[in-house]
$ cat run-v3.txt   # compact mmCIF, C-alpha atoms
# COMPACT_ATOMS: atom_id res chain seq x y z
CA MET A 843 22.47 -111.72 -67.23
CA SER A 844 20.56 -108.68 -65.98
CA GLU A 845 22.31 -105.38 -65.88
CA GLU A 846 23.19 -104.00 -62.46
CA PRO A 847 21.10 -100.85 -61.91
CA LYS A 848 23.11 -97.68 -61.62
CA LYS A 849 23.59 -96.56 -58.02
CA ILE A 850 24.09 -93.01 -56.80
CA TYR A 851 25.66 -92.52 -53.36
CA PHE A 852 25.22 -89.48 -51.12
CA SER A 853 27.04 -88.58 -47.94
CA TYR A 854 25.24 -87.03 -44.99
CA ASN A 855 27.05 -83.77 -45.69
CA ASP A 856 25.85 -83.77 -49.31
CA ILE A 857 22.30 -84.12 -48.08
CA HIS A 858 22.63 -81.51 -45.35
CA GLN A 859 23.89 -79.03 -47.96
CA THR A 860 21.13 -79.90 -50.46
CA ILE A 861 18.51 -79.32 -47.78
CA LYS A 862 20.06 -76.01 -46.79
CA ASP A 863 19.89 -74.94 -50.44
CA MET A 864 16.29 -76.15 -50.71
CA ALA A 865 15.38 -74.13 -47.58
CA GLY A 866 16.73 -71.05 -49.35
CA GLN A 867 14.60 -71.88 -52.37
CA ILE A 868 11.49 -72.28 -50.15
CA LYS A 869 12.13 -68.94 -48.45
CA SER A 870 12.63 -67.11 -51.77
CA SER A 871 9.39 -68.58 -53.13
CA GLY A 872 7.38 -66.61 -50.59
CA TYR A 873 5.72 -69.78 -49.27
CA ASP A 874 5.84 -69.63 -45.50
CA PRO A 875 4.69 -72.95 -44.00
CA GLN A 876 3.43 -73.05 -40.40
CA LEU A 877 4.20 -76.71 -39.94
CA MET A 878 5.85 -79.63 -41.68
CA VAL A 879 4.45 -83.10 -42.12
CA ALA A 880 7.21 -85.69 -42.55
CA ILE A 881 6.40 -88.93 -44.32
CA GLY A 882 7.96 -91.74 -42.28
CA THR A 883 10.42 -93.15 -42.26
CA GLY A 884 12.19 -91.64 -45.31
CA GLY A 885 11.12 -88.09 -44.53
CA PHE A 886 12.30 -88.10 -40.89
CA ILE A 887 15.91 -87.10 -41.56
CA PRO A 888 15.22 -84.56 -44.34
CA ALA A 889 12.46 -82.94 -42.25
CA ARG A 890 14.63 -82.76 -39.13
CA ILE A 891 17.44 -81.08 -41.10
CA LEU A 892 14.96 -78.74 -42.80
CA LYS A 893 13.70 -77.71 -39.35
CA THR A 894 17.14 -76.26 -38.63
CA PHE A 895 16.71 -73.83 -41.52
CA LEU A 896 12.92 -73.22 -41.45
CA ASP A 897 12.27 -73.61 -37.71
CA LYS A 898 8.78 -75.08 -37.99
CA PRO A 899 7.29 -77.93 -35.94
CA ILE A 900 7.21 -81.40 -37.49
CA PHE A 901 4.27 -83.76 -37.46
CA THR A 902 4.78 -87.23 -38.85
CA VAL A 903 2.75 -89.75 -40.75
CA GLY A 904 3.77 -93.34 -41.22
CA ILE A 905 2.98 -94.90 -44.56
CA SER A 906 3.61 -98.44 -45.66
CA TYR A 907 3.39 -100.18 -48.99
CA TYR A 908 3.97 -103.57 -47.44
CA ASP A 909 1.84 -105.76 -45.22
CA SER A 910 3.10 -107.56 -42.13
CA GLU A 911 4.41 -110.43 -44.27
CA ASN A 912 6.38 -107.93 -46.38
CA ASN A 913 4.20 -108.37 -49.45
CA PRO A 914 3.55 -105.20 -51.47
CA LYS A 915 0.02 -103.84 -51.18
CA ASP A 916 -2.08 -102.25 -53.91
CA SER A 917 -1.91 -98.82 -52.37
CA PRO A 918 -0.09 -97.18 -49.46
CA GLN A 919 -1.59 -97.62 -46.00
CA LYS A 920 -1.33 -95.53 -42.89
CA ILE A 921 0.70 -97.06 -40.11
CA GLN A 922 0.58 -93.92 -38.01
CA TRP A 923 -1.43 -90.81 -38.60
CA ILE A 924 -1.84 -87.46 -36.86
CA ASP A 925 -4.18 -87.44 -33.87
CA GLU A 926 -7.02 -84.99 -34.12
CA VAL A 927 -5.75 -83.99 -37.54
CA GLU A 928 -8.64 -81.67 -38.24
CA LYS A 929 -7.70 -79.31 -35.43
CA LYS A 930 -4.00 -79.38 -36.25
CA LEU A 931 -4.08 -78.99 -40.01
CA GLN A 932 -7.24 -77.02 -40.69
CA GLY A 933 -6.50 -73.54 -41.98
CA LYS A 934 -2.74 -74.08 -41.76
CA ARG A 935 -0.03 -73.74 -44.38
CA ILE A 936 1.59 -77.16 -44.54
CA LEU A 937 4.85 -78.39 -46.03
CA LEU A 938 4.85 -82.13 -46.74
CA VAL A 939 8.39 -83.55 -46.63
CA ASP A 940 9.81 -86.78 -48.01
CA GLU A 941 13.19 -88.03 -49.15
CA VAL A 942 12.42 -89.00 -52.73
CA ASP A 943 9.72 -88.51 -55.31
CA ASP A 944 9.95 -91.79 -57.20
CA SER A 945 6.61 -93.07 -58.56
CA ARG A 946 4.80 -90.15 -56.83
CA VAL A 947 2.17 -92.58 -55.49
CA THR A 948 2.96 -92.01 -51.80
CA LEU A 949 3.07 -88.24 -52.25
CA GLU A 950 -0.27 -88.22 -54.02
CA TYR A 951 -1.81 -90.42 -51.34
CA CYS A 952 -0.56 -88.21 -48.50
CA LEU A 953 -1.49 -84.98 -50.26
CA ARG A 954 -5.05 -86.19 -50.89
CA GLU A 955 -5.43 -87.36 -47.30
CA LEU A 956 -4.07 -84.09 -45.91
CA LEU A 957 -6.24 -82.00 -48.27
CA LYS A 958 -9.33 -83.59 -46.68
CA HIS A 959 -8.57 -81.61 -43.55
CA GLN A 960 -8.83 -78.25 -45.27
CA PRO A 961 -5.38 -76.77 -44.83
CA ALA A 962 -5.02 -73.16 -45.98
CA GLU A 963 -2.33 -74.35 -48.37
CA ILE A 964 -0.14 -77.37 -48.86
CA ALA A 965 3.23 -77.62 -50.57
CA VAL A 966 5.70 -80.45 -51.17
CA ALA A 967 9.44 -80.55 -50.44
CA VAL A 968 11.44 -83.61 -51.46
CA LEU A 969 15.16 -84.04 -51.19
CA HIS A 970 15.36 -85.80 -54.57
CA ASN A 971 13.03 -85.95 -57.54
CA LYS A 972 13.62 -88.76 -60.05
CA ARG A 973 13.15 -87.79 -63.69
CA LYS A 974 10.78 -90.52 -64.85
CA GLU A 975 7.20 -91.14 -65.76
CA LYS A 976 5.10 -90.83 -62.59
CA ARG A 977 2.23 -93.11 -61.69
CA GLY A 978 0.92 -90.65 -59.11
CA GLU A 979 0.11 -87.01 -59.68
CA ILE A 980 0.34 -83.87 -57.60
CA PRO A 981 -3.25 -82.66 -57.03
CA ARG A 982 -3.81 -79.27 -58.66
CA GLU A 983 -4.59 -77.64 -55.28
CA VAL A 984 -0.84 -77.90 -54.61
CA GLU A 985 0.83 -74.73 -55.84
CA HIS A 986 4.39 -75.27 -54.69
CA TYR A 987 6.61 -78.26 -55.32
CA PHE A 988 10.21 -77.97 -54.09
CA TYR A 989 13.03 -80.43 -54.66
CA GLY A 990 16.65 -80.35 -53.59
CA LEU A 991 18.05 -82.17 -56.61
CA GLU A 992 16.63 -83.75 -59.73
CA LEU A 993 18.19 -87.12 -60.58
CA GLU A 994 18.03 -89.71 -63.27
CA ASP A 995 16.01 -92.85 -62.49
CA ALA A 996 18.75 -94.70 -60.60
CA TRP A 997 19.04 -96.52 -57.29
CA ILE A 998 19.73 -93.83 -54.69
CA CYS A 999 21.88 -94.99 -51.78
CA TYR A 1000 21.22 -92.84 -48.74
CA PRO A 1001 23.81 -92.53 -45.98
CA TRP A 1002 21.33 -93.54 -43.26
CA ASP A 1003 20.99 -96.93 -44.96
CA ALA A 1004 24.75 -97.53 -45.03
CA ASP A 1005 26.26 -100.35 -43.06
CA ASP A 1006 29.76 -98.92 -43.46
CA ILE A 1007 29.54 -95.13 -43.34
CA LEU A 1008 33.17 -94.55 -44.36
CA GLU A 1009 32.69 -96.70 -47.45
CA GLN A 1010 29.51 -94.70 -48.18
CA ASP A 1011 31.55 -91.48 -47.96
CA ARG A 1012 34.12 -92.90 -50.32
CA LEU A 1013 31.46 -94.01 -52.81
CA SER A 1014 29.73 -90.62 -52.62
CA ARG A 1015 32.95 -88.94 -53.74
CA SER A 1016 33.63 -91.27 -56.64
CA MET B 672 32.01 -62.31 -17.39
CA SER B 673 30.34 -65.68 -17.59
CA GLU B 674 32.32 -68.65 -18.75
CA GLU B 675 31.46 -70.02 -22.19
CA PRO B 676 29.98 -73.53 -21.69
CA LYS B 677 32.06 -76.31 -23.15
CA LYS B 678 30.77 -77.52 -26.51
CA ILE B 679 31.18 -80.98 -27.99
CA TYR B 680 30.75 -81.36 -31.77
CA PHE B 681 29.78 -84.54 -33.59
CA SER B 682 29.76 -85.26 -37.29
CA TYR B 683 27.01 -87.28 -38.93
CA ASN B 684 29.47 -90.10 -39.47
CA ASP B 685 30.39 -90.12 -35.75
CA ILE B 686 26.72 -90.50 -34.91
CA HIS B 687 26.05 -93.13 -37.54
CA GLN B 688 28.91 -95.20 -36.11
CA THR B 689 27.77 -94.72 -32.49
CA ILE B 690 24.29 -95.92 -33.41
CA LYS B 691 25.67 -98.93 -35.24
CA ASP B 692 27.64 -99.81 -32.10
CA MET B 693 24.58 -99.28 -29.93
CA ALA B 694 22.56 -101.58 -32.21
CA GLY B 695 25.18 -104.28 -31.56
CA GLN B 696 24.83 -103.69 -27.83
CA ILE B 697 21.01 -103.97 -28.07
CA LYS B 698 21.26 -107.22 -30.03
CA SER B 699 23.75 -108.75 -27.56
CA SER B 700 21.52 -107.83 -24.63
CA GLY B 701 18.87 -110.27 -25.82
CA TYR B 702 16.23 -107.52 -25.88
CA ASP B 703 14.36 -107.86 -29.16
CA PRO B 704 12.01 -104.90 -29.66
CA GLN B 705 9.05 -105.22 -32.03
CA LEU B 706 8.78 -101.51 -32.65
CA MET B 707 10.53 -98.25 -31.89
CA VAL B 708 8.97 -95.07 -30.60
CA ALA B 709 11.01 -92.01 -31.55
CA ILE B 710 10.68 -88.88 -29.45
CA GLY B 711 10.41 -85.95 -31.85
CA THR B 712 12.16 -84.09 -33.08
CA GLY B 713 15.49 -85.10 -31.50
CA GLY B 714 14.84 -88.82 -31.79
CA PHE B 715 13.91 -88.80 -35.51
CA ILE B 716 17.44 -89.08 -36.91
CA PRO B 717 18.79 -91.55 -34.30
CA ALA B 718 15.70 -93.76 -34.71
CA ARG B 719 15.91 -93.70 -38.51
CA ILE B 720 19.57 -94.72 -38.42
CA LEU B 721 18.85 -97.39 -35.79
CA LYS B 722 16.16 -98.80 -38.11
CA THR B 723 18.90 -99.64 -40.61
CA PHE B 724 20.50 -101.96 -38.07
CA LEU B 725 17.44 -103.26 -36.15
CA ASP B 726 14.87 -103.19 -38.97
CA LYS B 727 11.84 -102.37 -36.80
CA PRO B 728 9.01 -99.95 -37.60
CA ILE B 729 9.12 -96.48 -36.08
CA PHE B 730 6.24 -94.71 -34.41
CA THR B 731 6.76 -91.14 -33.32
CA VAL B 732 5.61 -88.93 -30.52
CA GLY B 733 6.05 -85.18 -30.48
CA ILE B 734 6.86 -83.63 -27.14
CA SER B 735 7.31 -79.98 -26.38
CA TYR B 736 8.55 -78.12 -23.35
CA TYR B 737 7.58 -74.80 -24.81
CA ASP B 738 4.23 -73.16 -25.48
CA SER B 739 3.30 -71.36 -28.69
CA GLU B 740 4.97 -68.16 -27.42
CA ASN B 741 8.19 -70.11 -26.80
CA ASN B 742 7.92 -69.90 -23.01
CA PRO B 743 9.04 -73.01 -21.12
CA LYS B 744 6.21 -75.01 -19.56
CA ASP B 745 6.23 -76.80 -16.21
CA SER B 746 6.20 -80.22 -17.78
CA PRO B 747 6.47 -81.68 -21.27
CA GLN B 748 3.31 -81.72 -23.36
CA LYS B 749 2.27 -83.89 -26.24
CA ILE B 750 2.20 -82.19 -29.60
CA GLN B 751 1.60 -85.40 -31.48
CA TRP B 752 0.81 -88.80 -30.08
CA ILE B 753 0.17 -92.25 -31.51
CA ASP B 754 -3.35 -92.87 -32.83
CA GLU B 755 -5.11 -95.80 -31.26
CA VAL B 756 -2.10 -96.35 -29.04
CA GLU B 757 -3.71 -99.13 -27.08
CA LYS B 758 -3.93 -101.42 -30.08
CA LYS B 759 -0.46 -100.58 -31.34
CA LEU B 760 1.53 -100.77 -28.10
CA GLN B 761 -0.37 -103.24 -25.95
CA GLY B 762 1.55 -106.45 -25.43
CA LYS B 763 4.46 -105.26 -27.57
CA ARG B 764 8.16 -104.95 -26.80
CA ILE B 765 8.96 -101.28 -27.34
CA LEU B 766 12.22 -99.41 -27.74
CA LEU B 767 11.90 -95.70 -26.93
CA VAL B 768 14.53 -93.68 -28.83
CA ASP B 769 15.84 -90.16 -28.23
CA GLU B 770 19.02 -88.26 -28.98
CA VAL B 771 20.11 -87.26 -25.49
CA ASP B 772 19.31 -88.11 -21.89
CA ASP B 773 19.89 -84.72 -20.27
CA SER B 774 17.60 -84.01 -17.30
CA ARG B 775 15.71 -87.29 -17.96
CA VAL B 776 12.37 -85.45 -17.58
CA THR B 777 11.18 -86.06 -21.14
CA LEU B 778 12.21 -89.71 -21.02
CA GLU B 779 10.36 -90.27 -17.73
CA TYR B 780 7.28 -88.52 -19.09
CA CYS B 781 7.22 -90.61 -22.28
CA LEU B 782 7.97 -93.86 -20.47
CA ARG B 783 5.13 -93.31 -17.98
CA GLU B 784 2.70 -92.41 -20.79
CA LEU B 785 3.69 -95.45 -22.84
CA LEU B 786 3.53 -97.77 -19.81
CA LYS B 787 -0.17 -96.86 -19.43
CA HIS B 788 -0.82 -98.81 -22.61
CA GLN B 789 0.51 -102.07 -21.20
CA PRO B 790 3.40 -102.93 -23.46
CA ALA B 791 4.96 -106.34 -22.85
CA GLU B 792 8.24 -104.56 -22.17
CA ILE B 793 9.75 -101.18 -22.76
CA ALA B 794 13.41 -100.21 -23.08
CA VAL B 795 15.26 -96.97 -23.71
CA ALA B 796 17.96 -96.22 -26.29
CA VAL B 797 19.60 -92.79 -26.32
CA LEU B 798 22.47 -91.71 -28.50
CA HIS B 799 24.09 -89.77 -25.65
CA ASN B 800 23.70 -89.87 -21.89
CA LYS B 801 24.99 -86.90 -19.95
CA ARG B 802 26.69 -87.71 -16.66
CA LYS B 803 24.82 -85.40 -14.29
CA GLU B 804 22.23 -85.41 -11.57
CA LYS B 805 18.89 -86.27 -13.18
CA ARG B 806 15.60 -84.61 -12.32
CA GLY B 807 13.60 -87.38 -13.94
CA GLU B 808 13.89 -91.08 -13.23
CA ILE B 809 13.57 -94.22 -15.28
CA PRO B 810 10.51 -96.09 -13.93
CA ARG B 811 11.50 -99.43 -12.42
CA GLU B 812 9.40 -101.36 -14.94
CA VAL B 813 12.09 -100.48 -17.49
CA GLU B 814 14.71 -103.22 -17.47
CA HIS B 815 16.98 -102.10 -20.32
CA TYR B 816 18.60 -98.72 -20.79
CA PHE B 817 21.00 -98.41 -23.75
CA TYR B 818 23.17 -95.46 -24.63
CA GLY B 819 25.64 -94.93 -27.45
CA LEU B 820 28.08 -92.73 -25.52
CA GLU B 821 28.23 -91.27 -22.06
CA LEU B 822 29.38 -87.63 -21.99
CA GLU B 823 30.16 -84.96 -19.47
CA ASP B 824 27.51 -82.29 -18.92
CA ALA B 825 28.46 -80.08 -21.88
CA TRP B 826 26.61 -78.42 -24.74
CA ILE B 827 26.31 -81.07 -27.44
CA CYS B 828 26.36 -79.69 -30.99
CA TYR B 829 24.59 -82.09 -33.34
CA PRO B 830 25.34 -82.07 -37.05
CA TRP B 831 21.66 -81.68 -37.98
CA ASP B 832 21.66 -78.31 -36.20
CA ALA B 833 24.70 -77.04 -38.08
CA ASP B 834 24.40 -74.10 -40.40
CA ASP B 835 27.78 -74.84 -41.98
CA ILE B 836 28.25 -78.61 -42.17
CA LEU B 837 31.90 -78.46 -43.25
CA GLU B 838 32.73 -76.27 -40.24
CA GLN B 839 30.84 -78.79 -38.07
CA ASP B 840 33.01 -81.58 -39.51
CA ARG B 841 36.13 -79.59 -38.79
CA LEU B 842 35.04 -78.87 -35.21
CA SER B 843 34.12 -82.53 -34.64
CA ARG B 844 37.69 -83.52 -35.47
CA SER B 845 39.37 -80.94 -33.22

$ encode --input "run-v3.txt" --output "structure tokens"
Amino acid sequence: MSEEPKKIYFSYNDIHQTIKDMAGQIKSSGYDPQLMVAIGTGGFIPARILKTFLDKPIFTVGISYYDSENNPKDSPQKIQWIDEVEKKLQGKRILLVDEVDDSRVTLEYCLRELLKHQPAEIAVAVLHNKRKEKRGEIPREVEHYFYGLELEDAWICYPWDADDILEQDRLSRS
Amino acid sequence: MSEEPKKIYFSYNDIHQTIKDMAGQIKSSGYDPQLMVAIGTGGFIPARILKTFLDKPIFTVGISYYDSENNPKDSPQKIQWIDEVEKKLQGKRILLVDEVDDSRVTLEYCLRELLKHQPAEIAVAVLHNKRKEKRGEIPREVEHYFYGLELEDAWICYPWDADDILEQDRLSRS
């Protein structure tokens, strides 16, 4: 009998508050991004909330670990990228946004791809960082890494994935 | 003394539930999209929640009415578009997602742009439709138009724009 993995539930309001706090942390750091790049689809909601507090435009990239038959691939692949990236990213201070830093593989992939376009600076903001051994690494060009909360290596249940949002609220309080 | 415009407040849970209901409406309609296109940045959160119920990939487009000095422009402009759109949209059934149908100008603009790439079909899903005279129009090629709620022409206060999320919750209940 395999053990049920531990699950951690968050409400939308929890997450909104965590992102507000993280925005404060970003502002105090002195890092002033000119634009955000949200990693889809997990980064869409965190980036949109962060925009309320940082007021920077959002570009998106779509990344997939799975092929069209839903089999995992060896490495992440782009499903959507930024048009004319060179013009839009070159010389800019970028904030890359995602919901969770789990294995760090997707973050590393996106950071390396974005670094090719010679931004002035690039930083990372994730809602949650899992405390675990990471397969990916943050390239050393990246000077700022922000997270909203650090969590144990559990199964994180996000409110946007909930079928029953009132049950999710209840579980997030327990 | 000008009259304060009426404001309507929604909580995240309100919106999650509205989108779940809208997903049911989309499924019952028989329209089965193969992919969503979210209009950024308003459509990011609705599209991400809708993905939970429809399980379709999300592409994004960024549209802006304002120039870099924050002056309104005559018509919407693309700030990000889909790479190699022809390949990705051609022959596909698309669901275009946004948060609100206000003047309908942005929707018309996006629909006409997307129609150039010969999708098999294109439909619209908005969280809220405002009952008002529309400056834009839905092109007649569009057979399905879904909305979560129809509202009077008021100032809609979305939870993702809230500075104080508990106050937003309180206002959404009053």

$ residues_around --input "run-v3.txt" --residues "Tyr873 in chain A" --least-positions-apart "5" --cutoff "10 Å" --atoms "only C-alpha atoms" --output "MDAnalysis selection string"
chainID A and resid 867:868 935:937 963:965 985:986

$ closest_residue --input "run-v3.txt" --among "A:His970, A:Lys869, A:Lys920, A:Lys976" --to "Cys999 in chain A" --atoms "all atoms listed in the file"
A:His970

$ calpha_fit_and_write --input "run-v3.txt" --fixed "chain B" --moving "chain A" --output "compact mmCIF listing (two decimals) with C-alpha atoms, keeping the file's coordinate frame"
# COMPACT_ATOMS: atom_id res chain seq x y z
CA MET A 843 31.90 -62.33 -17.34
CA SER A 844 30.22 -65.73 -17.55
CA GLU A 845 32.22 -68.65 -18.73
CA GLU A 846 31.40 -70.03 -22.16
CA PRO A 847 29.95 -73.54 -21.69
CA LYS A 848 32.05 -76.30 -23.16
CA LYS A 849 30.76 -77.51 -26.52
CA ILE A 850 31.18 -80.97 -28.00
CA TYR A 851 30.76 -81.35 -31.77
CA PHE A 852 29.77 -84.53 -33.59
CA SER A 853 29.77 -85.26 -37.30
CA TYR A 854 27.01 -87.27 -38.93
CA ASN A 855 29.48 -90.10 -39.45
CA ASP A 856 30.39 -90.12 -35.75
CA ILE A 857 26.73 -90.49 -34.91
CA HIS A 858 26.05 -93.15 -37.53
CA GLN A 859 28.92 -95.21 -36.10
CA THR A 860 27.79 -94.72 -32.48
CA ILE A 861 24.31 -95.91 -33.41
CA LYS A 862 25.68 -98.94 -35.23
CA ASP A 863 27.66 -99.82 -32.10
CA MET A 864 24.59 -99.27 -29.91
CA ALA A 865 22.56 -101.59 -32.19
CA GLY A 866 25.17 -104.27 -31.56
CA GLN A 867 24.84 -103.68 -27.83
CA ILE A 868 21.02 -103.98 -28.05
CA LYS A 869 21.27 -107.23 -30.00
CA SER A 870 23.77 -108.76 -27.54
CA SER A 871 21.52 -107.83 -24.61
CA GLY A 872 18.88 -110.27 -25.80
CA TYR A 873 16.23 -107.53 -25.89
CA ASP A 874 14.37 -107.86 -29.15
CA PRO A 875 12.01 -104.89 -29.65
CA GLN A 876 9.05 -105.22 -32.04
CA LEU A 877 8.78 -101.51 -32.65
CA MET A 878 10.53 -98.25 -31.89
CA VAL A 879 8.96 -95.07 -30.60
CA ALA A 880 11.01 -92.01 -31.56
CA ILE A 881 10.67 -88.88 -29.47
CA GLY A 882 10.38 -85.94 -31.88
CA THR A 883 12.15 -84.11 -33.12
CA GLY A 884 15.50 -85.11 -31.54
CA GLY A 885 14.85 -88.83 -31.82
CA PHE A 886 13.91 -88.80 -35.53
CA ILE A 887 17.45 -89.09 -36.92
CA PRO A 888 18.80 -91.56 -34.32
CA ALA A 889 15.71 -93.76 -34.72
CA ARG A 890 15.90 -93.71 -38.52
CA ILE A 891 19.58 -94.74 -38.42
CA LEU A 892 18.84 -97.40 -35.79
CA LYS A 893 16.17 -98.83 -38.10
CA THR A 894 18.91 -99.67 -40.60
CA PHE A 895 20.52 -101.97 -38.05
CA LEU A 896 17.45 -103.27 -36.14
CA ASP A 897 14.87 -103.21 -38.95
CA LYS A 898 11.85 -102.38 -36.80
CA PRO A 899 9.01 -99.97 -37.61
CA ILE A 900 9.13 -96.49 -36.07
CA PHE A 901 6.24 -94.71 -34.43
CA THR A 902 6.76 -91.14 -33.34
CA VAL A 903 5.61 -88.93 -30.53
CA GLY A 904 6.05 -85.19 -30.49
CA ILE A 905 6.87 -83.63 -27.16
CA SER A 906 7.32 -79.98 -26.38
CA TYR A 907 8.57 -78.13 -23.35
CA TYR A 908 7.62 -74.78 -24.79
CA ASP A 909 4.28 -73.14 -25.44
CA SER A 910 3.36 -71.31 -28.64
CA GLU A 911 5.05 -68.13 -27.37
CA ASN A 912 8.26 -70.11 -26.74
CA ASN A 913 7.99 -69.91 -22.97
CA PRO A 914 9.09 -73.03 -21.07
CA LYS A 915 6.26 -75.03 -19.53
CA ASP A 916 6.24 -76.82 -16.18
CA SER A 917 6.20 -80.24 -17.75
CA PRO A 918 6.48 -81.68 -21.27
CA GLN A 919 3.33 -81.71 -23.39
CA LYS A 920 2.29 -83.88 -26.27
CA ILE A 921 2.23 -82.16 -29.62
CA GLN A 922 1.60 -85.38 -31.50
CA TRP A 923 0.82 -88.77 -30.10
CA ILE A 924 0.17 -92.23 -31.53
CA ASP A 925 -3.34 -92.84 -32.83
CA GLU A 926 -5.12 -95.74 -31.25
CA VAL A 927 -2.08 -96.31 -29.07
CA GLU A 928 -3.68 -99.08 -27.07
CA LYS A 929 -3.95 -101.37 -30.07
CA LYS A 930 -0.46 -100.59 -31.32
CA LEU A 931 1.53 -100.78 -28.11
CA GLN A 932 -0.38 -103.25 -25.96
CA GLY A 933 1.55 -106.46 -25.44
CA LYS A 934 4.46 -105.26 -27.58
CA ARG A 935 8.15 -104.96 -26.80
CA ILE A 936 8.95 -101.30 -27.34
CA LEU A 937 12.22 -99.41 -27.74
CA LEU A 938 11.91 -95.70 -26.94
CA VAL A 939 14.53 -93.67 -28.83
CA ASP A 940 15.84 -90.16 -28.24
CA GLU A 941 19.02 -88.26 -29.00
CA VAL A 942 20.09 -87.25 -25.50
CA ASP A 943 19.29 -88.09 -21.92
CA ASP A 944 19.88 -84.72 -20.27
CA SER A 945 17.59 -84.00 -17.29
CA ARG A 946 15.71 -87.29 -17.95
CA VAL A 947 12.38 -85.46 -17.58
CA THR A 948 11.19 -86.07 -21.15
CA LEU A 949 12.21 -89.73 -21.02
CA GLU A 950 10.38 -90.26 -17.76
CA TYR A 951 7.28 -88.53 -19.11
CA CYS A 952 7.23 -90.62 -22.29
CA LEU A 953 7.98 -93.87 -20.47
CA ARG A 954 5.13 -93.30 -18.00
CA GLU A 955 2.71 -92.41 -20.78
CA LEU A 956 3.71 -95.45 -22.85
CA LEU A 957 3.53 -97.77 -19.81
CA LYS A 958 -0.16 -96.86 -19.45
CA HIS A 959 -0.82 -98.83 -22.60
CA GLN A 960 0.49 -102.09 -21.18
CA PRO A 961 3.39 -102.93 -23.44
CA ALA A 962 4.96 -106.35 -22.84
CA GLU A 963 8.23 -104.56 -22.17
CA ILE A 964 9.75 -101.17 -22.76
CA ALA A 965 13.41 -100.22 -23.07
CA VAL A 966 15.25 -96.96 -23.72
CA ALA A 967 17.96 -96.22 -26.31
CA VAL A 968 19.59 -92.79 -26.34
CA LEU A 969 22.46 -91.71 -28.51
CA HIS A 970 24.08 -89.76 -25.66
CA ASN A 971 23.69 -89.87 -21.90
CA LYS A 972 24.98 -86.87 -19.94
CA ARG A 973 26.69 -87.71 -16.65
CA LYS A 974 24.83 -85.40 -14.28
CA GLU A 975 22.23 -85.40 -11.59
CA LYS A 976 18.87 -86.25 -13.19
CA ARG A 977 15.60 -84.59 -12.32
CA GLY A 978 13.60 -87.38 -13.95
CA GLU A 979 13.90 -91.07 -13.22
CA ILE A 980 13.57 -94.23 -15.27
CA PRO A 981 10.51 -96.10 -13.92
CA ARG A 982 11.52 -99.44 -12.41
CA GLU A 983 9.39 -101.37 -14.95
CA VAL A 984 12.11 -100.47 -17.48
CA GLU A 985 14.72 -103.21 -17.48
CA HIS A 986 16.97 -102.09 -20.31
CA TYR A 987 18.60 -98.71 -20.79
CA PHE A 988 20.99 -98.41 -23.75
CA TYR A 989 23.18 -95.45 -24.62
CA GLY A 990 25.64 -94.93 -27.44
CA LEU A 991 28.05 -92.72 -25.53
CA GLU A 992 28.23 -91.26 -22.05
CA LEU A 993 29.36 -87.62 -21.98
CA GLU A 994 30.16 -84.96 -19.48
CA ASP A 995 27.50 -82.29 -18.92
CA ALA A 996 28.44 -80.07 -21.87
CA TRP A 997 26.60 -78.41 -24.74
CA ILE A 998 26.30 -81.07 -27.45
CA CYS A 999 26.34 -79.70 -30.99
CA TYR A 1000 24.58 -82.09 -33.33
CA PRO A 1001 25.34 -82.08 -37.05
CA TRP A 1002 21.66 -81.69 -38.00
CA ASP A 1003 21.65 -78.33 -36.21
CA ALA A 1004 24.70 -77.05 -38.10
CA ASP A 1005 24.40 -74.11 -40.42
CA ASP A 1006 27.78 -74.86 -42.00
CA ILE A 1007 28.22 -78.62 -42.18
CA LEU A 1008 31.88 -78.48 -43.26
CA GLU A 1009 32.72 -76.28 -40.28
CA GLN A 1010 30.83 -78.79 -38.08
CA ASP A 1011 33.00 -81.59 -39.51
CA ARG A 1012 36.11 -79.60 -38.79
CA LEU A 1013 35.01 -78.86 -35.22
CA SER A 1014 34.10 -82.51 -34.64
CA ARG A 1015 37.67 -83.51 -35.47
CA SER A 1016 39.33 -80.94 -33.25

$ closest_residue --input "run-v3.txt" --among "A:Val968, A:Pro875, A:Gln919, A:Tyr951" --to "Phe988 in chain A" --atoms "only C-alpha atoms"
A:Val968

$ closest_residue --input "run-v3.txt" --among "A:Ser906, A:Ser871, A:Gln932, A:Ser1014" --to "chain B" --atoms "all atoms listed in the file"
A:Ser906

$ closest_atom_pairs --input "run-v3.txt" --of "chain B" --to "chain A" --cutoff "8 Å" --atoms "only C-alpha atoms" --output "tab-separated table"
residue	atom	partner	partner_atom	distance
B:Tyr683	CA	A:Tyr854	CA	6.3
B:Asn684	CA	A:Ile1007	CA	6.3
B:His687	CA	A:Ile1007	CA	7.1
B:Gln688	CA	A:Ile1007	CA	7.3
B:Lys691	CA	A:Asp1005	CA	8.0
B:Gly711	CA	A:Ile900	CA	7.9
B:Thr712	CA	A:Arg890	CA	6.7
B:Phe715	CA	A:Phe886	CA	5.7
B:Ile716	CA	A:Ile887	CA	5.3
B:Arg719	CA	A:Thr883	CA	6.7
B:Ile720	CA	A:Trp1002	CA	5.3
B:Thr723	CA	A:Asp1003	CA	5.5
B:Phe724	CA	A:Asp1005	CA	7.8
B:Ile729	CA	A:Thr883	CA	7.1
B:Phe730	CA	A:Gln922	CA	6.8
B:Thr731	CA	A:Thr902	CA	7.1
B:Gly733	CA	A:Phe901	CA	7.3
B:Gln751	CA	A:Asp925	CA	6.6
B:Trp752	CA	A:Asp925	CA	6.4
B:Ile753	CA	A:Gln922	CA	6.7
B:Asp754	CA	A:Asp925	CA	5.6
B:Trp831	CA	A:Ile891	CA	5.3
B:Asp832	CA	A:Thr894	CA	5.5
B:Ala833	CA	A:Thr894	CA	7.6
B:Asp834	CA	A:Phe895	CA	7.8
B:Ile836	CA	A:Asn855	CA	6.4
B:Leu837	CA	A:Asn855	CA	7.6
